[in-house]
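*Asks:* Sharing a structure here in structure tokens format.
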Amino acid sequence: MSGPRNASARRALVLRTVIVAVIGLITVAPLYWMLAVAFSTRGELLGGGELRLWPRQVTWENVTRVFDSFPVATWLGNSIAIAVVVTIITVVTSLLAGYAFAHLKFRFSTPLFFIALATLVLPVQVIMVALFRIVVGLGLYGTYWAVILPSSASAFGLFLARQFMLGIPRELLEAARLDGAGHWQIFRRVVLPLSGPLIAVLAFMSLLQSWNDFAWPLIALRENELFTLPIGLLYLQGQANSDYGATMAFALINVVPMALLFLFFQKYFIAGFARSGIK
């Protein structure tokens, strides 16, 4: 009996491995093609001929041409600055709101929580006109703050933080309360030290969303020197729509920072999602 069961288990393992490998190849293929085109010469890209999976001659000319022809360094700095500020504010607001909804009792807490979650189904295009009028009324149009402030609160971050903090043992909170600690002391001395994985997840998700945000920064920013990388990519495509190597090199510059960040901190993201109860 053990023989057939072992054979069945091996077949199931092989099948799962093949499925994972196929999905992995499908996922990596666009990134690989982007890398191959970004390091190919213009002659090889436009010359036709046989299809090659890797260029005959690896060159940096596309990357250097992008930096020489466009203010990529400025756009990269803008993206980093906006993403970092948005991430810091989003993490702080999500942690504070998550603790409040998880461990504080106040009127209308449940309706307010569900109203916040309901905003997840609203696409940004629905609120763009109202958001634009608010930004103009505050005198922020055309500044970094026009992009930062509307992006500095996350309903999903609130939900994730609340679910994570509900998993913190109440005995720890009660012990701190018996020692005379108030809510702020409990949050700072008990909750925050246990929230490392949650902070990692919130930070990466906020960074990723802010880094790739395109529609609202395109409306809120008007000066070329304030553009972020996604807007810069659109600008490049308009200026050199047939320069595929430069376009892919620019796209690679946009993708690499977030890919490296995920590779270095993926164990914290997995731990944060696992402890929040989200599968």
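Each chain in the structure tokens gets a letter, A, B, ..., in the order shown, and its residues are numbered from 1; ligands are numbered from 1 in order too.
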List the neighbours of segment 190-203 of chain A out to 9 Å using only C-alpha atoms; skip same-chain residues closer than 4 positions along the sequence, and give me the result as a PyMOL selection string.

*Replies:* chain A and resi 84+87-88+90-91+94-95+99+157+160-161+164-165+168+172-173+176+185-186+207-208+265-273+275-276

*Asks:* Just the selected residues (N, CA and C atoms), exported as an mmCIF file, in the first residue's frame, please.

*Replies:*
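The resulting file, selection_22.cif, is shown below:
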```cif
data_model
loop_
_atom_site.group_PDB
_atom_site.id
_atom_site.type_symbol
_atom_site.label_atom_id
_atom_site.label_comp_id
_atom_site.auth_asym_id
_atom_site.auth_seq_id
_atom_site.Cartn_x
_atom_site.Cartn_y
_atom_site.Cartn_z
ATOM 1 N N VAL A 84 8.934 57.974 -0.691
ATOM 2 C CA VAL A 84 9.382 57.855 0.702
ATOM 3 C C VAL A 84 8.460 58.635 1.631
ATOM 4 N N THR A 87 5.097 56.943 1.882
ATOM 5 C CA THR A 87 5.212 55.701 2.650
ATOM 6 C C THR A 87 5.264 55.980 4.147
ATOM 7 N N ILE A 88 6.049 56.965 4.553
ATOM 8 C CA ILE A 88 6.157 57.278 5.981
ATOM 9 C C ILE A 88 4.798 57.697 6.543
ATOM 10 N N THR A 90 1.794 57.124 5.278
ATOM 11 C CA THR A 90 0.827 56.027 5.175
ATOM 12 C C THR A 90 1.039 54.994 6.269
ATOM 13 N N VAL A 91 2.285 54.638 6.537
ATOM 14 C CA VAL A 91 2.574 53.651 7.590
ATOM 15 C C VAL A 91 2.122 54.178 8.946
ATOM 16 N N SER A 94 -1.749 54.325 9.081
ATOM 17 C CA SER A 94 -2.330 52.969 9.097
ATOM 18 C C SER A 94 -2.143 52.310 10.453
ATOM 19 N N LEU A 95 -0.959 52.471 11.054
ATOM 20 C CA LEU A 95 -0.707 51.873 12.370
ATOM 21 C C LEU A 95 -1.600 52.485 13.435
ATOM 22 N N TYR A 99 -4.683 50.402 15.201
ATOM 23 C CA TYR A 99 -4.752 50.196 16.653
ATOM 24 C C TYR A 99 -6.071 50.719 17.207
ATOM 25 N N GLY A 157 -4.389 49.555 3.921
ATOM 26 C CA GLY A 157 -3.414 49.586 5.011
ATOM 27 C C GLY A 157 -4.096 49.591 6.364
ATOM 28 N N LEU A 160 -5.391 46.038 6.915
ATOM 29 C CA LEU A 160 -4.293 45.115 7.215
ATOM 30 C C LEU A 160 -3.777 45.329 8.637
ATOM 31 N N ALA A 161 -3.617 46.605 9.030
ATOM 32 C CA ALA A 161 -3.117 46.896 10.380
ATOM 33 C C ALA A 161 -4.107 46.430 11.437
ATOM 34 N N PHE A 164 -3.949 42.639 11.751
ATOM 35 C CA PHE A 164 -2.706 42.235 12.400
ATOM 36 C C PHE A 164 -2.793 42.471 13.898
ATOM 37 N N MET A 165 -3.293 43.633 14.305
ATOM 38 C CA MET A 165 -3.308 43.986 15.729
ATOM 39 C C MET A 165 -4.364 43.217 16.506
ATOM 40 N N ILE A 168 -2.675 40.261 18.108
ATOM 41 C CA ILE A 168 -1.783 40.427 19.262
ATOM 42 C C ILE A 168 -2.506 39.946 20.521
ATOM 43 N N LEU A 172 -1.134 40.537 26.765
ATOM 44 C CA LEU A 172 -0.030 41.499 26.788
ATOM 45 C C LEU A 172 -0.549 42.924 27.012
ATOM 46 N N LEU A 173 -1.635 43.256 26.326
ATOM 47 C CA LEU A 173 -2.199 44.594 26.470
ATOM 48 C C LEU A 173 -2.768 44.800 27.865
ATOM 49 N N ALA A 176 0.027 45.331 30.389
ATOM 50 C CA ALA A 176 0.552 46.701 30.325
ATOM 51 C C ALA A 176 -0.428 47.684 30.946
ATOM 52 N N GLN A 185 1.256 54.588 25.458
ATOM 53 C CA GLN A 185 2.378 53.785 25.930
ATOM 54 C C GLN A 185 2.249 52.338 25.480
ATOM 55 N N ILE A 186 1.004 51.816 25.517
ATOM 56 C CA ILE A 186 0.789 50.439 25.038
ATOM 57 C C ILE A 186 1.129 50.335 23.556
ATOM 58 N N LEU A 207 5.113 52.000 -0.999
ATOM 59 C CA LEU A 207 6.171 52.355 -1.941
ATOM 60 C C LEU A 207 5.821 51.944 -3.360
ATOM 61 N N LEU A 208 5.341 50.710 -3.508
ATOM 62 C CA LEU A 208 5.018 50.194 -4.832
ATOM 63 C C LEU A 208 3.900 50.993 -5.480
ATOM 64 N N PHE A 265 13.449 41.904 1.025
ATOM 65 C CA PHE A 265 12.577 41.953 2.195
ATOM 66 C C PHE A 265 11.354 41.040 2.079
ATOM 67 N N GLN A 266 11.400 40.058 1.179
ATOM 68 C CA GLN A 266 10.217 39.246 0.936
ATOM 69 C C GLN A 266 9.798 38.435 2.164
ATOM 70 N N LYS A 267 10.751 37.998 2.994
ATOM 71 C CA LYS A 267 10.375 37.190 4.158
ATOM 72 C C LYS A 267 9.541 38.000 5.143
ATOM 73 N N TYR A 268 9.797 39.311 5.242
ATOM 74 C CA TYR A 268 9.005 40.153 6.129
ATOM 75 C C TYR A 268 7.600 40.356 5.577
ATOM 76 N N PHE A 269 7.476 40.449 4.244
ATOM 77 C CA PHE A 269 6.152 40.613 3.647
ATOM 78 C C PHE A 269 5.299 39.370 3.898
ATOM 79 N N ILE A 270 5.907 38.198 3.700
ATOM 80 C CA ILE A 270 5.167 36.948 3.900
ATOM 81 C C ILE A 270 4.748 36.815 5.364
ATOM 82 N N ALA A 271 5.651 37.155 6.281
ATOM 83 C CA ALA A 271 5.325 37.072 7.707
ATOM 84 C C ALA A 271 4.216 38.055 8.065
ATOM 85 N N GLY A 272 4.231 39.245 7.497
ATOM 86 C CA GLY A 272 3.196 40.232 7.786
ATOM 87 C C GLY A 272 1.840 39.792 7.313
ATOM 88 N N PHE A 273 1.759 39.274 6.106
ATOM 89 C CA PHE A 273 0.476 38.783 5.591
ATOM 90 C C PHE A 273 -0.010 37.572 6.382
ATOM 91 N N ARG A 275 0.568 36.784 9.551
ATOM 92 C CA ARG A 275 0.098 37.144 10.893
ATOM 93 C C ARG A 275 -1.161 37.990 10.847
ATOM 94 N N SER A 276 -1.443 38.622 9.728
ATOM 95 C CA SER A 276 -2.679 39.407 9.620
ATOM 96 C C SER A 276 -3.874 38.555 9.267
#
```

*Asks:* Among segment 103-195 of chain A, which residues carry a DSSP assignment of helix (DSSP H, G or I), reported as a PyMOL selection string?

*Replies:* chain A and resi 103+109-121+124-137+144-151+155-166+170-178+183-194

*Asks:* Rounded to one decimal, what separation in Å do you get between atom CA of Leu229 of chain A and atom CA of Val255 of chain A?

*Replies:*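 Separation between atom CA of Leu229 of chain A and atom CA of Val255 of chain A: 10.0 Å.
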
*Asks:* If we count only C-alpha atoms and set the cut-off at 12 Å, which residues sit around Gln237 of chain A, ignoring sequence neighbours fewer than 6 positions away in its own chain? Please answer as a JSON list (two decimals) with all heavy atoms, in the first residue's frame.

*Replies:*
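Result file result13.json:
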```json
[["chain", "number", "residue", "atom", "x", "y", "z"],
["A", 66, "VAL", "N", 19.41, 57.43, -22.72],
["A", 66, "VAL", "CA", 18.26, 57.89, -21.94],
["A", 66, "VAL", "C", 18.68, 58.96, -20.94],
["A", 66, "VAL", "O", 18.04, 60.00, -20.81],
["A", 66, "VAL", "CB", 17.59, 56.70, -21.22],
["A", 66, "VAL", "CG1", 16.65, 57.17, -20.13],
["A", 66, "VAL", "CG2", 16.82, 55.84, -22.22],
["A", 70, "PHE", "N", 17.29, 62.86, -21.52],
["A", 70, "PHE", "CA", 16.16, 63.21, -20.66],
["A", 70, "PHE", "C", 16.65, 63.37, -19.22],
["A", 70, "PHE", "O", 17.64, 62.74, -18.83],
["A", 70, "PHE", "CB", 15.07, 62.12, -20.72],
["A", 70, "PHE", "CG", 14.56, 61.86, -22.10],
["A", 70, "PHE", "CD1", 15.11, 60.87, -22.89],
["A", 70, "PHE", "CD2", 13.52, 62.63, -22.61],
["A", 70, "PHE", "CE1", 14.64, 60.63, -24.18],
["A", 70, "PHE", "CE2", 13.04, 62.39, -23.88],
["A", 70, "PHE", "CZ", 13.60, 61.39, -24.67],
["A", 230, "PRO", "N", 7.08, 57.20, -14.07],
["A", 230, "PRO", "CA", 6.01, 56.77, -14.99],
["A", 230, "PRO", "C", 5.61, 57.86, -15.97],
["A", 230, "PRO", "O", 5.36, 57.57, -17.15],
["A", 230, "PRO", "CB", 4.86, 56.40, -14.04],
["A", 230, "PRO", "CG", 5.53, 56.02, -12.77],
["A", 230, "PRO", "CD", 6.70, 56.95, -12.65],
["A", 231, "ILE", "N", 5.53, 59.11, -15.51],
["A", 231, "ILE", "CA", 5.20, 60.20, -16.43],
["A", 231, "ILE", "C", 6.36, 60.42, -17.39],
["A", 231, "ILE", "O", 6.15, 60.70, -18.59],
["A", 231, "ILE", "CB", 4.90, 61.49, -15.65],
["A", 231, "ILE", "CG1", 3.80, 61.26, -14.62],
["A", 231, "ILE", "CG2", 4.49, 62.61, -16.61],
["A", 231, "ILE", "CD1", 3.53, 62.47, -13.74],
["A", 243, "ASP", "N", 12.15, 54.23, -30.71],
["A", 243, "ASP", "CA", 13.42, 53.85, -30.06],
["A", 243, "ASP", "C", 13.11, 52.84, -28.97],
["A", 243, "ASP", "O", 13.01, 53.15, -27.79],
["A", 243, "ASP", "CB", 14.09, 55.10, -29.47],
["A", 243, "ASP", "CG", 15.55, 54.84, -29.09],
["A", 243, "ASP", "OD1", 15.92, 53.65, -29.04],
["A", 243, "ASP", "OD2", 16.28, 55.80, -28.87],
["A", 244, "TYR", "N", 12.97, 51.58, -29.38],
["A", 244, "TYR", "CA", 12.55, 50.54, -28.46],
["A", 244, "TYR", "C", 13.60, 50.27, -27.39],
["A", 244, "TYR", "O", 13.27, 49.97, -26.24],
["A", 244, "TYR", "CB", 12.24, 49.25, -29.23],
["A", 244, "TYR", "CG", 11.23, 49.44, -30.34],
["A", 244, "TYR", "CD1", 11.61, 49.30, -31.67],
["A", 244, "TYR", "CD2", 9.92, 49.79, -30.04],
["A", 244, "TYR", "CE1", 10.69, 49.49, -32.69],
["A", 244, "TYR", "CE2", 8.99, 49.98, -31.06],
["A", 244, "TYR", "CZ", 9.39, 49.83, -32.38],
["A", 244, "TYR", "OH", 8.47, 50.03, -33.38],
["A", 245, "GLY", "N", 14.86, 50.36, -27.76],
["A", 245, "GLY", "CA", 15.90, 50.12, -26.77],
["A", 245, "GLY", "C", 15.89, 51.13, -25.65],
["A", 245, "GLY", "O", 15.99, 50.78, -24.48],
["A", 246, "ALA", "N", 15.73, 52.42, -25.99],
["A", 246, "ALA", "CA", 15.67, 53.46, -24.97],
["A", 246, "ALA", "C", 14.43, 53.31, -24.10],
["A", 246, "ALA", "O", 14.48, 53.51, -22.89],
["A", 246, "ALA", "CB", 15.70, 54.85, -25.62],
["A", 247, "THR", "N", 13.30, 52.97, -24.74],
["A", 247, "THR", "CA", 12.06, 52.79, -23.98],
["A", 247, "THR", "C", 12.19, 51.66, -22.97],
["A", 247, "THR", "O", 11.79, 51.79, -21.81],
["A", 247, "THR", "CB", 10.89, 52.51, -24.93],
["A", 247, "THR", "OG1", 10.76, 53.59, -25.85],
["A", 247, "THR", "CG2", 9.59, 52.34, -24.16],
["A", 248, "MET", "N", 12.76, 50.54, -23.40],
["A", 248, "MET", "CA", 12.93, 49.41, -22.49],
["A", 248, "MET", "C", 13.98, 49.71, -21.42],
["A", 248, "MET", "O", 13.84, 49.27, -20.27],
["A", 248, "MET", "CB", 13.33, 48.16, -23.28],
["A", 248, "MET", "CG", 12.21, 47.58, -24.09],
["A", 248, "MET", "SD", 10.80, 47.08, -23.07],
["A", 248, "MET", "CE", 9.69, 46.44, -24.32],
["A", 249, "ALA", "N", 15.00, 50.47, -21.76],
["A", 249, "ALA", "CA", 16.00, 50.85, -20.75],
["A", 249, "ALA", "C", 15.36, 51.72, -19.68],
["A", 249, "ALA", "O", 15.63, 51.56, -18.48],
["A", 249, "ALA", "CB", 17.16, 51.58, -21.43],
["A", 250, "PHE", "N", 14.52, 52.66, -20.10],
["A", 250, "PHE", "CA", 13.83, 53.51, -19.13],
["A", 250, "PHE", "C", 12.89, 52.68, -18.28],
["A", 250, "PHE", "O", 12.81, 52.87, -17.05],
["A", 250, "PHE", "CB", 13.04, 54.60, -19.88],
["A", 250, "PHE", "CG", 12.61, 55.74, -19.01],
["A", 250, "PHE", "CD1", 13.22, 56.97, -19.11],
["A", 250, "PHE", "CD2", 11.59, 55.58, -18.08],
["A", 250, "PHE", "CE1", 12.83, 58.03, -18.29],
["A", 250, "PHE", "CE2", 11.20, 56.62, -17.27],
["A", 250, "PHE", "CZ", 11.82, 57.85, -17.37],
["A", 251, "ALA", "N", 12.14, 51.76, -18.90],
["A", 251, "ALA", "CA", 11.25, 50.90, -18.14],
["A", 251, "ALA", "C", 12.02, 50.05, -17.14],
["A", 251, "ALA", "O", 11.55, 49.81, -16.02],
["A", 251, "ALA", "CB", 10.45, 50.01, -19.09]]
```

*Asks:* Counting only C-alpha atoms, which residue out of A:Val18, A:Ala100, A:Leu53, A:Ile80 sits closest to Pro30 of chain A?

*Replies:*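 Of the candidates, the smallest distance to Pro30 of chain A is held by A:Leu53.
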
*Asks:* Within 8 Å of segment 212-225 of chain A, counting only C-alpha atoms, which residues qualify if same-chain residues fewer than 6 places away don't, as a list in words?

*Replies:*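 Within the cut-off, the hits are Pro71, Thr74, Trp75, Val124, Met128, Phe132, Tyr141, Gly142, Thr143, Tyr144, Ala146, Val147 and Ile231 of chain A.
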
*Asks:* Just C-alpha atoms for this one: save the residues we selected as a PDB file, in the first residue's frame.

*Replies:*
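Writing done, so here's again-v1.pdb:
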```pdb
ATOM      1  CA  PRO A  71      16.361  64.375 -17.010  1.00  0.00           C
ATOM      2  CA  THR A  74      15.735  64.285 -11.674  1.00  0.00           C
ATOM      3  CA  TRP A  75      12.662  62.141 -12.326  1.00  0.00           C
ATOM      4  CA  VAL A 124      -9.359  56.978  -8.604  1.00  0.00           C
ATOM      5  CA  MET A 128     -10.322  62.963  -9.679  1.00  0.00           C
ATOM      6  CA  PHE A 132      -8.438  68.338  -8.342  1.00  0.00           C
ATOM      7  CA  TYR A 141      -1.588  72.320  -7.629  1.00  0.00           C
ATOM      8  CA  GLY A 142       1.703  71.768  -9.420  1.00  0.00           C
ATOM      9  CA  THR A 143       3.632  70.898  -6.255  1.00  0.00           C
ATOM     10  CA  TYR A 144       4.872  67.680  -4.691  1.00  0.00           C
ATOM     11  CA  ALA A 146      -0.515  67.729  -4.563  1.00  0.00           C
ATOM     12  CA  VAL A 147       0.653  64.148  -5.134  1.00  0.00           C
ATOM     13  CA  ILE A 231       5.201  60.203 -16.428  1.00  0.00           C
TER      14      ILE A 231
END
```

*Asks:* Point out the residue among A:Arg133, A:Phe156, A:Leu15, A:Gly139 with the least atom-to-atom distance to Leu120 of chain A, counting only C-alpha atoms.

*Replies:*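 Nearest to Leu120 of chain A: A:Phe156.
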
*Asks:* In Å, rounded to a single decimal, give me how far atom CA of Trp211 of chain A is from atom CA of Gly98 of chain A.

*Replies:* 23.7 Å

*Asks:* Measuring between only C-alpha atoms, which one of A:Val135, A:Met34, A:Leu158, A:Val72 shows the shortest distance to Val92 of chain A?

*Replies:*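 Comparing A:Val135, A:Met34, A:Leu158, A:Val72 against Val92 of chain A, the winner is A:Leu158.
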
*Asks:* Hey, which of A:Gln125, A:Ser79, A:Gln209, A:Ser152 ends up closest to Asn254 of chain A? Count only C-alpha atoms.

*Replies:*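 That would be A:Ser79, the residue with the smallest distance to Asn254 of chain A.
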
*Asks:* What does the distance between atom CA of Leu131 of chain A and atom CA of Arg162 of chain A come to in Å, to one decimal place?

*Replies:*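 Answer for the atom CA of Leu131 of chain A to atom CA of Arg162 of chain A separation: 26.8 Å.
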
*Asks:* Could you pull the residues within 9 Å of Thr110 of chain A, counting only C-alpha atoms, minus those fewer than 4 positions along the same chain, as a list of chain:residue names?

*Replies:*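 The residues that qualify are A:Phe101, A:Phe114, A:Ile115.
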
*Asks:* Write the residues of the selection above to a file with C-alpha atoms, as a PDB file, in the first residue's frame.

*Replies:*
```pdb
ATOM      1  CA  PHE A 101     -10.159  50.193  15.336  1.00  0.00           C
ATOM      2  CA  PHE A 114     -16.794  49.512   6.746  1.00  0.00           C
ATOM      3  CA  ILE A 115     -17.136  52.934   5.134  1.00  0.00           C
TER       4      ILE A 115
END
```
